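Asker: Below you'll find the structure I mean.
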Amino acid sequence: MKLRNCLFLAILTSFILVAQASCQKQAGWRGEISQENGQTIISNPKEPMYSGQVLSLEKELTLGGAGTSGEAAFSSCEDVDIDEDENIFILSSKDAAIFVYDRSGKFMKKFGRRGQGPGELQSPVSLSIRDDLLMVSSMDRKISFFTRRGEFLKSFSIGQYLLLEAGLDSTGNIYGLEAGMTGDNPAVKLLKFDQEMKLKGELASYLIPQPQKGLDPFMGFPFFQIGPEDTVIFSRPYDYYFEYYDRNGKLFRQVRKAYKPVRIIDKDKSEMKQILPSHPDSRFAYHPGCGRFVCSDEGWLLVQTFEKSEAGYYIFDVFDERGRFLTGIPLPGEPKIWKKGKLYCREEDEDGFQLLVRYWLKCKL
């Protein structure tokens with residue numbers, strides 16, 4: 001997870017340099033629901049609805065690792081998606097390729113190769129599948145389209161836009177996070193394009209906090225997910241809240257959570273020094289409220305906090321489809337997708353090889 005954030009930090013370095021609403025209580029839930037400017041605001045307290053372990057993980061499948069060889073062996077796992085048959089697609093930036101496995105984990109095929117020609121990839125960072133269409137976005141300002149079978153269809157140069165990651169909705173619209181400027185301030189913007197990469201609008205803009213402090217490895221970044229019915233969810237990490245936009249780009253909902261800031265300690269700095277040895281110490285005192293998140297196909301959110309379990313795993317907050325904070329669960333890796341009741345996480349083995357692990361996420365409620 002830190003490695004991915006470091007990529008974002010590197011991209012943003014250049015930009016950094018240059019009437020009270022009525023509320024109703026929900027039974028068994030101590031949050032509040034209100035209406036503000038036509039939006040529904042779900043405000044959650046620090047404490048979850050349920051204490052104790054109400055969710056459990058059952059490991060089902062592991063892909064990759066030192067024991068994998070031949071064409072089935074991927075060197076990295078930047079992004080993951082599954083299709084309607086639960087075939088698993090892994091995007092490897094180091095291999096500049098997509099690896100495909102069936103739902104049982106059997107290797108099926110690999111497609112893509114390094115380069116800048118038709119069907120070739122250069123520093124790919126995100127993968128998105130809708131029906132038979134597979135889209136890959138790359139750091140060389142290019143969007144490429146394939147079929148699920150690996151047949152190359154087309155690619156576009158996205159010119160002025162530097163997309164940190166991108167995703168497809170059910171009608172073929174493309175959403176992307178762009179590193180750019182808002183006035184004189186460095187910012188990350190959530191943009192919407194058609195399938196010809198013509199800009200349809202800007203949904204949200206997030207100003208980089210304290211840009212005068214320069215590049216900081218603990219700086220918080222916004223992320224987005226495309227949820228059920230093409231709802232687009234955008235995070236604001238230091239405020240710990242999520243904005244929900246409908247398919248027409250209208251902001252209709254916010255999910256907020258109170259939190260206690262987690263201080264950046266010497267151990268955090270030491271671990272970061274191993275990744276960025278020449279980087280100065282952080283000038284931020286606290287971590288942001290939240291980091292990456294995934295949205296399930298039922299609308300639940302799994303959100304990284306910067307609290308850790310006794311085993312040293314990050315605690316992830318779990319919200320139901322109504323935006324209520326249910327519980328927290330420690331995860332040994334970075335969740336990539338959550339579909340059909342199964343959670344796919346990027347992890348590392350003892351030898352430092354990246355793995356993709358699939359869990360059955362069981363709810364005891």
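To be explicit about the labels: the chains of the structure tokens are called A, B, and onward in the order shown, and within each one the residues are counted from 1, while ligands get numbers from 1 in the order they are shown.
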Env of Asn248 in chain A: 12 Å cut, atoms = only C-alpha atoms, seq-sep filter 2 positions within chain, self excluded. Answer as a list in words.
Answerer: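 Close residues of Asn248 in chain A: Asp169, Thr171, Asn173, Lys192, Lys200, Gly201, Glu202, Leu203, Glu229, Asp230, Thr231, Val232, Tyr244, Tyr245, Asp246, Lys250, Leu251 and Phe252 of chain A.
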Asker: Quick one: residues within 10 Å of Gly291 in chain A, only C-alpha atoms, excluding same-chain residues fewer than 2 positions away - as a list in words?
Answerer: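 Counting only C-alpha atoms, the residues come to Met1, Asn5, Met219, Gly220, Phe221, Pro222, Phe223, Ser235, Arg236, Pro237, Tyr238, Tyr240, His287, Pro288, Gly289, Phe293, Val303, Gln304, Thr305, Phe306 and Phe316 of chain A.
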Asker: What would the file look like if the residues just selected were written as a PDB file, in the first residue's frame with N, CA and C atoms?
Answerer:
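In the end it all went to again-v3.pdb:
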ATOM      1  N   MET A   1       0.827  -1.196   0.000  1.00  0.00           N
ATOM      2  CA  MET A   1       0.000   0.000   0.000  1.00  0.00           C
ATOM      3  C   MET A   1       0.865   1.252   0.000  1.00  0.00           C
ATOM      4  N   ASN A   5       1.187   4.426  -2.776  1.00  0.00           N
ATOM      5  CA  ASN A   5       1.119   5.832  -2.393  1.00  0.00           C
ATOM      6  C   ASN A   5       2.367   6.584  -2.827  1.00  0.00           C
ATOM      7  N   MET A 219       1.355  11.957   3.265  1.00  0.00           N
ATOM      8  CA  MET A 219       0.278  12.818   2.803  1.00  0.00           C
ATOM      9  C   MET A 219      -0.937  11.975   2.394  1.00  0.00           C
ATOM     10  N   GLY A 220      -2.133  12.428   2.746  1.00  0.00           N
ATOM     11  CA  GLY A 220      -3.353  11.718   2.397  1.00  0.00           C
ATOM     12  C   GLY A 220      -3.806  12.029   0.981  1.00  0.00           C
ATOM     13  N   PHE A 221      -4.329  11.009   0.283  1.00  0.00           N
ATOM     14  CA  PHE A 221      -4.830  11.180  -1.075  1.00  0.00           C
ATOM     15  C   PHE A 221      -6.275  10.725  -1.162  1.00  0.00           C
ATOM     16  N   PRO A 222      -7.052  11.336  -2.021  1.00  0.00           N
ATOM     17  CA  PRO A 222      -8.421  10.853  -2.248  1.00  0.00           C
ATOM     18  C   PRO A 222      -8.403   9.665  -3.205  1.00  0.00           C
ATOM     19  N   PHE A 223      -9.422   8.837  -3.121  1.00  0.00           N
ATOM     20  CA  PHE A 223      -9.607   7.728  -4.044  1.00  0.00           C
ATOM     21  C   PHE A 223     -11.069   7.689  -4.464  1.00  0.00           C
ATOM     22  N   SER A 235     -13.496   9.913  -1.885  1.00  0.00           N
ATOM     23  CA  SER A 235     -13.119  10.080  -0.481  1.00  0.00           C
ATOM     24  C   SER A 235     -12.368  11.380  -0.242  1.00  0.00           C
ATOM     25  N   ARG A 236     -12.520  11.898   0.964  1.00  0.00           N
ATOM     26  CA  ARG A 236     -11.761  13.061   1.434  1.00  0.00           C
ATOM     27  C   ARG A 236     -11.061  12.629   2.725  1.00  0.00           C
ATOM     28  N   PRO A 237      -9.775  12.236   2.623  1.00  0.00           N
ATOM     29  CA  PRO A 237      -9.127  11.491   3.710  1.00  0.00           C
ATOM     30  C   PRO A 237      -8.948  12.224   5.022  1.00  0.00           C
ATOM     31  N   TYR A 238      -8.652  13.519   4.997  1.00  0.00           N
ATOM     32  CA  TYR A 238      -8.413  14.203   6.261  1.00  0.00           C
ATOM     33  C   TYR A 238      -9.708  14.521   6.993  1.00  0.00           C
ATOM     34  N   TYR A 240     -12.329  12.451   6.641  1.00  0.00           N
ATOM     35  CA  TYR A 240     -12.952  11.133   6.725  1.00  0.00           C
ATOM     36  C   TYR A 240     -14.431  11.222   6.346  1.00  0.00           C
ATOM     37  N   HIS A 287      -1.406  10.923  10.759  1.00  0.00           N
ATOM     38  CA  HIS A 287      -1.909  10.308   9.541  1.00  0.00           C
ATOM     39  C   HIS A 287      -3.265  10.920   9.180  1.00  0.00           C
ATOM     40  N   PRO A 288      -3.676  10.825   7.919  1.00  0.00           N
ATOM     41  CA  PRO A 288      -5.045  11.214   7.580  1.00  0.00           C
ATOM     42  C   PRO A 288      -6.041  10.271   8.241  1.00  0.00           C
ATOM     43  N   GLY A 289      -7.306  10.607   8.150  1.00  0.00           N
ATOM     44  CA  GLY A 289      -8.328   9.776   8.797  1.00  0.00           C
ATOM     45  C   GLY A 289      -8.512   8.434   8.131  1.00  0.00           C
ATOM     46  N   PHE A 293     -10.011   2.597  -0.113  1.00  0.00           N
ATOM     47  CA  PHE A 293     -11.238   1.897   0.233  1.00  0.00           C
ATOM     48  C   PHE A 293     -11.736   1.129  -0.976  1.00  0.00           C
ATOM     49  N   VAL A 303     -12.862   0.411   4.480  1.00  0.00           N
ATOM     50  CA  VAL A 303     -12.040   1.621   4.480  1.00  0.00           C
ATOM     51  C   VAL A 303     -10.811   1.447   5.370  1.00  0.00           C
ATOM     52  N   GLN A 304      -9.639   1.691   4.811  1.00  0.00           N
ATOM     53  CA  GLN A 304      -8.410   1.605   5.595  1.00  0.00           C
ATOM     54  C   GLN A 304      -8.302   2.759   6.574  1.00  0.00           C
ATOM     55  N   THR A 305      -8.044   2.423   7.840  1.00  0.00           N
ATOM     56  CA  THR A 305      -7.666   3.434   8.818  1.00  0.00           C
ATOM     57  C   THR A 305      -6.161   3.294   9.055  1.00  0.00           C
ATOM     58  N   PHE A 306      -5.609   4.099   9.951  1.00  0.00           N
ATOM     59  CA  PHE A 306      -4.187   3.990  10.269  1.00  0.00           C
ATOM     60  C   PHE A 306      -3.970   3.455  11.678  1.00  0.00           C
ATOM     61  N   PHE A 316      -9.498  -2.023   9.119  1.00  0.00           N
ATOM     62  CA  PHE A 316     -10.382  -1.480   8.091  1.00  0.00           C
ATOM     63  C   PHE A 316     -11.790  -1.327   8.662  1.00  0.00           C
TER      64      PHE A 316
END
Asker: Using only C-alpha atoms, which protein or nucleic acid residues come within 6 Å of range 137-140 of chain A? Drop anything in the same chain fewer than 5 positions from it, and give the result as a list in words.
Answerer: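 The residues satisfying every condition are Ser123, Pro124, Val125 and Ser126 of chain A.
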Asker: What's around Tyr50 in chain A at 8 Å? Count only C-alpha atoms, leave out sequence neighbours fewer than 3 positions away in its own chain, and write the answer as a count of residues only.
Answerer: 3
Asker: So that each row is one residue of range 18-75 of chain A with an atom at most 12 Å from range 88-105 of chain A, can you give its shortest atom pair and the distance in Å to one decimal, using only C-alpha atoms, rows by chain and rising number, as CSV?
Answerer:
residue,atom,partner,partner_atom,distance
A:Glu60,CA,A:Ser104,CA,9.3
A:Leu61,CA,A:Gly105,CA,7.0
A:Thr62,CA,A:Gly105,CA,7.8
A:Leu63,CA,A:Gly105,CA,6.9
A:Gly64,CA,A:Gly105,CA,10.0
A:Thr68,CA,A:Gly105,CA,11.8
A:Gly70,CA,A:Phe99,CA,11.8
A:Glu71,CA,A:Phe99,CA,8.5
A:Ala72,CA,A:Phe99,CA,7.1
A:Ala73,CA,A:Phe99,CA,8.5
A:Phe74,CA,A:Ser92,CA,6.4
A:Ser75,CA,A:Lys94,CA,5.9
Asker: Grab the CA of Arg253 in chain A to CA of Gly341 in chain A distance for me, in Å with one decimal place.
Answerer: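 Distance reported for this atom pair: 24.5 Å.
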Asker: Set the distance at 10 Å and use only C-alpha atoms: which residues neighbour Asp239 in chain A once local chain neighbours fewer than 6 positions away are removed? I'd like the list as a ChimeraX atom specification.
Answerer: /A:256-259,288-290
Asker: Using only C-alpha atoms, which residues of range 76-160 of chain A come within 9 Å of range 350-361 of chain A, and what is the closest atom pair for each, with the distance in Å to one decimal? Give it as CSV, sorted by chain and residue number.
Answerer:
residue,atom,partner,partner_atom,distance
A:Ser76,CA,A:Gln354,CA,5.8
A:Cys77,CA,A:Gln354,CA,6.6
A:Val80,CA,A:Leu356,CA,8.7
A:Ile90,CA,A:Leu356,CA,8.4
Asker: How would the residues just picked look written out with N, CA and C atoms as an mmCIF file, in the first residue's frame?
Answerer:
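See part-v8.cif below for the written result:
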data_model
loop_
_atom_site.group_PDB
_atom_site.id
_atom_site.type_symbol
_atom_site.label_atom_id
_atom_site.label_comp_id
_atom_site.auth_asym_id
_atom_site.auth_seq_id
_atom_site.Cartn_x
_atom_site.Cartn_y
_atom_site.Cartn_z
ATOM 1 N N SER A 76 4.129 -8.537 -10.135
ATOM 2 C CA SER A 76 3.497 -7.540 -9.272
ATOM 3 C C SER A 76 1.997 -7.612 -9.487
ATOM 4 N N CYS A 77 1.280 -6.994 -8.578
ATOM 5 C CA CYS A 77 -0.187 -7.021 -8.631
ATOM 6 C C CYS A 77 -0.703 -5.608 -8.387
ATOM 7 N N VAL A 80 -6.753 -5.511 -9.773
ATOM 8 C CA VAL A 80 -7.458 -6.775 -9.955
ATOM 9 C C VAL A 80 -8.915 -6.485 -10.287
ATOM 10 N N ILE A 90 -5.514 -10.152 -13.265
ATOM 11 C CA ILE A 90 -4.495 -9.457 -12.470
ATOM 12 C C ILE A 90 -3.637 -8.609 -13.393
#
